[in-house]
Amino acid sequence: HFGVHWHSLVFTGILGVHWHFGTTARLLALAQLVLLAGKLNTLAAVVTVFYLVAYAAVDLSCLSLEWASAPNFRPTFSLFSWHTCLLGVASCLLMMFLISPGAAGGSLLLMGLLAALLTARGGPSSWGYVSQALLFHQVRKYLLRLDVRKDHVKFWRPQLLLLVGNPRGALPLLRLANQLKKGGLYVLGHVTLGDLDSLPSDPVQPQYGAWLSLVDRAQVKAFVDLTLSPSVRQGAQHLLRISGLGGMKPNTLVLGFYDDAPPQDHFLTDPAFSEPADSTREGSSPALSTLFPPPRAPGSPRALNPQDYVATVADALKMNKNVVLARASGALPPERLSRGSGGTSQLHHVDVWPLNLLRPRGGPGYVDVCGLFLLQMATILGMVPAWHSARLRIFLCLGPREAPGAAEGRLRALLSQLRIRAEVQEVVWGEGAGAGEPEAEEEGDFVNSGRGDAEAEALARSANALVRAQQGRGTGGGPGGPEGGDAEGPITALTFLYLPRPPADPARYPRYLALLETLTRDLGPTLLVHGVTPVTCTDL
């Protein structure tokens with residue numbers, strides 16, 4: 001009877017080709033394959049297996065919807081349950097292999113290849129994706145099991161909130177933050193200025209599509225969180241409080257540095273943002289470059305003033321968040337921001353200064369919680385494939401009266417316990433007023449004190465010269481190193497500096513920002529880091 005069925009199927013198809021001329025060739029080819037096979041019963045077994053695959057796929061779809069707990073899936077079959085779906089799938093698979101093991105294996109392989117092809121090359125679907133429903137169900141279940149009360153410092157990882165004004169000028173920082181997250185949470189935050197009471201609708205919701213396209217094009221693993229606020233500072237407070245979910249919430253705020261450097265449009269130079277040839281086709285989505293405004297013109301007003309910028313840093317520290325300020329990230333070597341192994345003929349250094357260079361007195365040879373956090377972030381960056389070949393250098397500052405070697409030995413012992421591979425160098429830090437005074441000074445006392453502006457500026461310039469000298473010593477001058485050196489040596493690709501706490505008096509915020517500008521001037525790509533939570537542990 002299988003043979004009769006196939007004869008009728010083939011001839012019925014051939015007789016009906018006059019309705020659709022375009023299918024004639026396909027039907028003739030099918031009929032020819034049937035005749036060449038010689039044994040119609042063999043083809044009947046193959047067709048039966050494909051029918052069973054279709055039935056198994058239907059049962060599997062119903063099983064997926066039932067396990068996803070989709071509210072709109074309401075089957076009317078009175079005996080429906082996930083047990084009957086699972087029984088249907090198992091029965092179909094069993095019958096397939098009983099009829100023809102070879103045809104069953106081939107059909108499953110073909111189905112898998114078709115599913116992979118549709119997943120990789122298929123366009124948007126109008127009927128939805130059951131995989132998204134399953135992922136939502138599983139993620140919600142495991143997020144509920146992620147208990148913040150069970151956190152331990154041994155399993156700490158950076159979870160970053162990067163505040164971005166205009167992504168056109170922040171692409172290098174966006175990729176650098178993606179490298180620093182080390183498998184943790186990464187959130188792109190943006191504050192739209194406005195008041196919902198005076199607007200007819202929420203202007204934030206239509207922006208999500210553009211930001212998600214940005215994440216896809218930049219190839220970073222980040223979530224997007226947007227908010228509407230009368231000021232950037234208030235919006236940053238909102239994002240710091242509500243970003244994330246459950247045990248996955250940001251613990252580190254990342255900001256670009258506030259300076260007078262003209263913003264660059266990286267959309268014009270980044271290969272990932274060159275528009276495809278079919279971007280102008282009718283019905284295609286608009287070009288990504290049209291979804292974000294052009295960079296701010298030099299001298300034009302900013303959405304954030306210096307006072308609010310420093311206040312945002314202070315707010316993050318009050319909320320027990322770590323802070324990273326990134327300056328000149330656009331000067332980073334492009335190969336270090338790639339997703340590859342970072343193989344390059346140019347050797348690079350990553351310089352780490354784990355001590356507060358704006359504190360002229362008191363214990364220059366020790367490393368505190370903030371210094372350990374800075375070491376941790378530099379080590380995490382070195383674990384990224386693009387930075388594997390970069391050499392980590394840690395600089396220890398010695399007072400004029402401190403014997404060399406003692407502090408270096410303590411630091412090497414600490415690095416051995418923390419399993420951090422780095423080159424340790426001691427430098428004499430004898431500049432600045434009061435550098436040789438033995439009395440201790442608590443962190444932040446200098447920036448909060450009433451010292452004269454000239455003295456503070458002189459100290460910041462001296463610290464800047466010290467860092468630049470080490471960048472250029474034997475390296476041919478890094479991004480901010482002295483000119484005229486040996487250009488064939490390694491250069492400093494990135495510098496980590498200790499970020500002092502902002503002053504307690506808001507009136508001193510502009511002075512604090514000016515000191516940071518002087519400290520990091522001409523240093524090339526620099527990260528100013530302040531950590532408030534322990535991130536290292538030597539206990540088993």
# chains A, B, ... in the order shown; residues from 1 in each chain; ligands from 1
call {"tool": "select_by_dssp", "arguments": {"residues": "range 124-226 of chain A", "states": "strand (DSSP E or B)", "output": "list in words"}}
result
Leu160, Leu161, Leu162, Leu163, Tyr186, Val187, Leu188, Gly189, His190, Val191, Thr192, Leu193, Phe223, Val224, Asp225 and Leu226 of chain A
call {"tool": "write_last_selection", "arguments": {"atoms": "N, CA, C and O atoms", "output": "PDB file, in the first residue's frame"}}
result
ATOM      1  N   LEU A 160      29.896  46.408  36.097  1.00  0.00           N
ATOM      2  CA  LEU A 160      30.133  47.793  35.703  1.00  0.00           C
ATOM      3  C   LEU A 160      28.862  48.475  35.227  1.00  0.00           C
ATOM      4  O   LEU A 160      28.041  47.876  34.529  1.00  0.00           O
ATOM      5  N   LEU A 161      28.746  49.739  35.603  1.00  0.00           N
ATOM      6  CA  LEU A 161      27.757  50.652  35.036  1.00  0.00           C
ATOM      7  C   LEU A 161      28.528  51.771  34.351  1.00  0.00           C
ATOM      8  O   LEU A 161      29.177  52.592  35.012  1.00  0.00           O
ATOM      9  N   LEU A 162      28.497  51.794  33.029  1.00  0.00           N
ATOM     10  CA  LEU A 162      29.195  52.815  32.251  1.00  0.00           C
ATOM     11  C   LEU A 162      28.184  53.864  31.823  1.00  0.00           C
ATOM     12  O   LEU A 162      27.242  53.569  31.077  1.00  0.00           O
ATOM     13  N   LEU A 163      28.358  55.083  32.297  1.00  0.00           N
ATOM     14  CA  LEU A 163      27.484  56.189  31.903  1.00  0.00           C
ATOM     15  C   LEU A 163      28.027  56.814  30.627  1.00  0.00           C
ATOM     16  O   LEU A 163      29.181  57.260  30.582  1.00  0.00           O
ATOM     17  N   TYR A 186      27.505  44.024  32.925  1.00  0.00           N
ATOM     18  CA  TYR A 186      27.948  45.230  32.222  1.00  0.00           C
ATOM     19  C   TYR A 186      26.702  45.949  31.725  1.00  0.00           C
ATOM     20  O   TYR A 186      25.945  45.400  30.925  1.00  0.00           O
ATOM     21  N   VAL A 187      26.499  47.158  32.218  1.00  0.00           N
ATOM     22  CA  VAL A 187      25.304  47.941  31.895  1.00  0.00           C
ATOM     23  C   VAL A 187      25.739  49.256  31.266  1.00  0.00           C
ATOM     24  O   VAL A 187      26.587  49.966  31.825  1.00  0.00           O
ATOM     25  N   LEU A 188      25.165  49.568  30.113  1.00  0.00           N
ATOM     26  CA  LEU A 188      25.346  50.881  29.506  1.00  0.00           C
ATOM     27  C   LEU A 188      24.211  51.777  29.970  1.00  0.00           C
ATOM     28  O   LEU A 188      23.039  51.488  29.720  1.00  0.00           O
ATOM     29  N   GLY A 189      24.555  52.849  30.659  1.00  0.00           N
ATOM     30  CA  GLY A 189      23.548  53.772  31.170  1.00  0.00           C
ATOM     31  C   GLY A 189      23.597  55.098  30.434  1.00  0.00           C
ATOM     32  O   GLY A 189      24.669  55.589  30.069  1.00  0.00           O
ATOM     33  N   HIS A 190      22.426  55.670  30.214  1.00  0.00           N
ATOM     34  CA  HIS A 190      22.334  56.967  29.545  1.00  0.00           C
ATOM     35  C   HIS A 190      21.203  57.761  30.182  1.00  0.00           C
ATOM     36  O   HIS A 190      20.126  57.212  30.478  1.00  0.00           O
ATOM     37  N   VAL A 191      21.446  59.032  30.413  1.00  0.00           N
ATOM     38  CA  VAL A 191      20.465  59.918  31.030  1.00  0.00           C
ATOM     39  C   VAL A 191      19.972  60.903  29.975  1.00  0.00           C
ATOM     40  O   VAL A 191      20.761  61.652  29.395  1.00  0.00           O
ATOM     41  N   THR A 192      18.664  60.882  29.721  1.00  0.00           N
ATOM     42  CA  THR A 192      18.023  61.867  28.854  1.00  0.00           C
ATOM     43  C   THR A 192      17.450  62.977  29.722  1.00  0.00           C
ATOM     44  O   THR A 192      16.703  62.707  30.667  1.00  0.00           O
ATOM     45  N   LEU A 193      17.831  64.205  29.419  1.00  0.00           N
ATOM     46  CA  LEU A 193      17.380  65.335  30.228  1.00  0.00           C
ATOM     47  C   LEU A 193      15.943  65.692  29.868  1.00  0.00           C
ATOM     48  O   LEU A 193      15.576  65.777  28.691  1.00  0.00           O
ATOM     49  N   PHE A 223      24.049  45.130  28.878  1.00  0.00           N
ATOM     50  CA  PHE A 223      22.640  45.498  28.940  1.00  0.00           C
ATOM     51  C   PHE A 223      22.530  47.007  28.761  1.00  0.00           C
ATOM     52  O   PHE A 223      23.520  47.746  28.894  1.00  0.00           O
ATOM     53  N   VAL A 224      21.339  47.464  28.480  1.00  0.00           N
ATOM     54  CA  VAL A 224      21.094  48.894  28.278  1.00  0.00           C
ATOM     55  C   VAL A 224      20.065  49.357  29.294  1.00  0.00           C
ATOM     56  O   VAL A 224      19.029  48.705  29.488  1.00  0.00           O
ATOM     57  N   ASP A 225      20.363  50.460  29.961  1.00  0.00           N
ATOM     58  CA  ASP A 225      19.434  51.031  30.937  1.00  0.00           C
ATOM     59  C   ASP A 225      19.393  52.541  30.710  1.00  0.00           C
ATOM     60  O   ASP A 225      20.428  53.220  30.818  1.00  0.00           O
ATOM     61  N   LEU A 226      18.230  53.056  30.369  1.00  0.00           N
ATOM     62  CA  LEU A 226      18.039  54.477  30.087  1.00  0.00           C
ATOM     63  C   LEU A 226      17.073  55.068  31.088  1.00  0.00           C
ATOM     64  O   LEU A 226      16.185  54.384  31.603  1.00  0.00           O
TER      65      LEU A 226
END
call {"tool": "closest_residue", "arguments": {"among": "A:Leu199, A:Leu171, A:Val215, A:Val204", "to": "Ala331 in chain A", "atoms": "only C-alpha atoms"}}
result
A:Leu171
call {"tool": "closest_residue", "arguments": {"among": "A:Gly330, A:Asn322, A:Leu196, A:Phe155", "to": "Pro262 in chain A", "atoms": "only C-alpha atoms"}}
result
A:Gly330
call {"tool": "select_by_dssp", "arguments": {"residues": "range 169-302 of chain A", "states": "alpha helix (DSSP H)", "output": "PyMOL selection string"}}
result
chain A and resi 171-180+208-218+232-242
call {"tool": "residues_around", "arguments": {"residues": "Arg501 in chain A", "least_positions_apart": "3", "cutoff": "12 Å", "atoms": "only C-alpha atoms", "output": "NGL selection string"}}
result
:A and (310-318 or 322-324 or 356 or 358-359 or 370 or 442-448 or 498 or 504-505 or 508-509 or 512-513 or 516 or 528-532)
call {"tool": "closest_residue", "arguments": {"among": "A:Leu499, A:Met96, A:Pro200, A:Ala386", "to": "Leu374 in chain A", "atoms": "only C-alpha atoms"}}
result
A:Leu499
call {"tool": "residues_around", "arguments": {"residues": "Leu63 in chain A", "least_positions_apart": "5", "cutoff": "9 Å", "atoms": "only C-alpha atoms", "output": "tab-separated table (two decimals) with all heavy atoms, in the first residue's frame"}}
result
chain	number	residue	atom	x	y	z
A	58	VAL	N	6.14	18.97	16.53
A	58	VAL	CA	4.94	19.60	17.09
A	58	VAL	C	4.84	19.31	18.59
A	58	VAL	O	4.57	20.21	19.41
A	58	VAL	CB	3.69	19.11	16.35
A	58	VAL	CG1	2.42	19.62	17.05
A	58	VAL	CG2	3.71	19.59	14.91
A	68	ALA	N	7.89	26.66	29.41
A	68	ALA	CA	8.16	28.10	29.50
A	68	ALA	C	7.08	28.84	30.27
A	68	ALA	O	7.25	30.03	30.56
A	68	ALA	CB	8.29	28.69	28.10
A	81	SER	N	-0.92	17.68	28.85
A	81	SER	CA	0.03	17.98	29.93
A	81	SER	C	1.42	17.78	29.36
A	81	SER	O	1.60	17.26	28.25
A	81	SER	CB	-0.19	17.06	31.14
A	81	SER	OG	0.19	15.74	30.84
A	82	TRP	N	2.42	18.18	30.11
A	82	TRP	CA	3.77	18.00	29.61
A	82	TRP	C	4.13	16.52	29.54
A	82	TRP	O	5.02	16.12	28.77
A	82	TRP	CB	4.77	18.77	30.47
A	82	TRP	CG	4.97	18.25	31.87
A	82	TRP	CD1	4.30	18.63	32.99
A	82	TRP	CD2	5.92	17.25	32.27
A	82	TRP	NE1	4.76	17.93	34.07
A	82	TRP	CE2	5.77	17.09	33.66
A	82	TRP	CE3	6.87	16.49	31.60
A	82	TRP	CZ2	6.53	16.18	34.39
A	82	TRP	CZ3	7.63	15.58	32.31
A	82	TRP	CH2	7.45	15.43	33.70
A	83	HIS	N	3.42	15.69	30.32
A	83	HIS	CA	3.68	14.25	30.25
A	83	HIS	C	3.27	13.69	28.89
A	83	HIS	O	4.00	12.89	28.28
A	83	HIS	CB	2.92	13.53	31.36
A	83	HIS	CG	3.19	14.04	32.73
A	83	HIS	ND1	2.52	15.12	33.27
A	83	HIS	CD2	4.09	13.64	33.67
A	83	HIS	CE1	2.97	15.36	34.49
A	83	HIS	NE2	3.93	14.48	34.76
A	84	THR	N	2.09	14.11	28.39
A	84	THR	CA	1.64	13.62	27.08
A	84	THR	C	2.54	14.13	25.96
A	84	THR	O	2.78	13.42	24.98
A	84	THR	CB	0.19	14.03	26.83
A	84	THR	OG1	0.08	15.47	26.91
A	84	THR	CG2	-0.74	13.42	27.86
A	85	CYS	N	3.02	15.38	26.09
A	85	CYS	CA	3.96	15.91	25.08
A	85	CYS	C	5.25	15.09	25.05
A	85	CYS	O	5.75	14.71	23.99
A	85	CYS	CB	4.28	17.37	25.38
A	85	CYS	SG	2.90	18.50	25.17
A	86	LEU	N	5.78	14.81	26.24
A	86	LEU	CA	7.02	14.05	26.31
A	86	LEU	C	6.82	12.63	25.79
A	86	LEU	O	7.69	12.07	25.09
A	86	LEU	CB	7.52	14.02	27.75
A	86	LEU	CG	8.93	13.51	27.99
A	86	LEU	CD1	9.94	14.36	27.22
A	86	LEU	CD2	9.26	13.49	29.47
call {"tool": "atom_distance", "arguments": {"atom1": "CA of Leu180 in chain A", "atom2": "CA of Thr379 in chain A"}}
result
9.5 Å
call {"tool": "residues_around", "arguments": {"residues": "Arg217 in chain A", "least_positions_apart": "4", "cutoff": "12 Å", "atoms": "only C-alpha atoms", "output": "list in words"}}
result
Pro167, Leu171, Leu174, Arg175, Ala210, Trp211, Leu212, Ser213, Lys221, Ala222, Phe267, Asp270, Pro271, Ala272, Phe273, Ser274, Glu275, Pro276, Ala287, Leu288 and Ser289 of chain A
call {"tool": "closest_residue", "arguments": {"among": "A:Val232, A:Leu79, A:Ala57, A:Leu185", "to": "Thr252 in chain A", "atoms": "only C-alpha atoms"}}
result
A:Leu185
call {"tool": "atom_distance", "arguments": {"atom1": "CA of Asn72 in chain A", "atom2": "CA of Arg140 in chain A"}}
result
18.4 Å
call {"tool": "residues_around", "arguments": {"residues": "Pro298 in chain A", "least_positions_apart": "4", "cutoff": "10 Å", "atoms": "only C-alpha atoms", "output": "list of chain:residue names"}}
result
A:Asp260, A:Ala261, A:Pro262, A:Pro263, A:Arg302
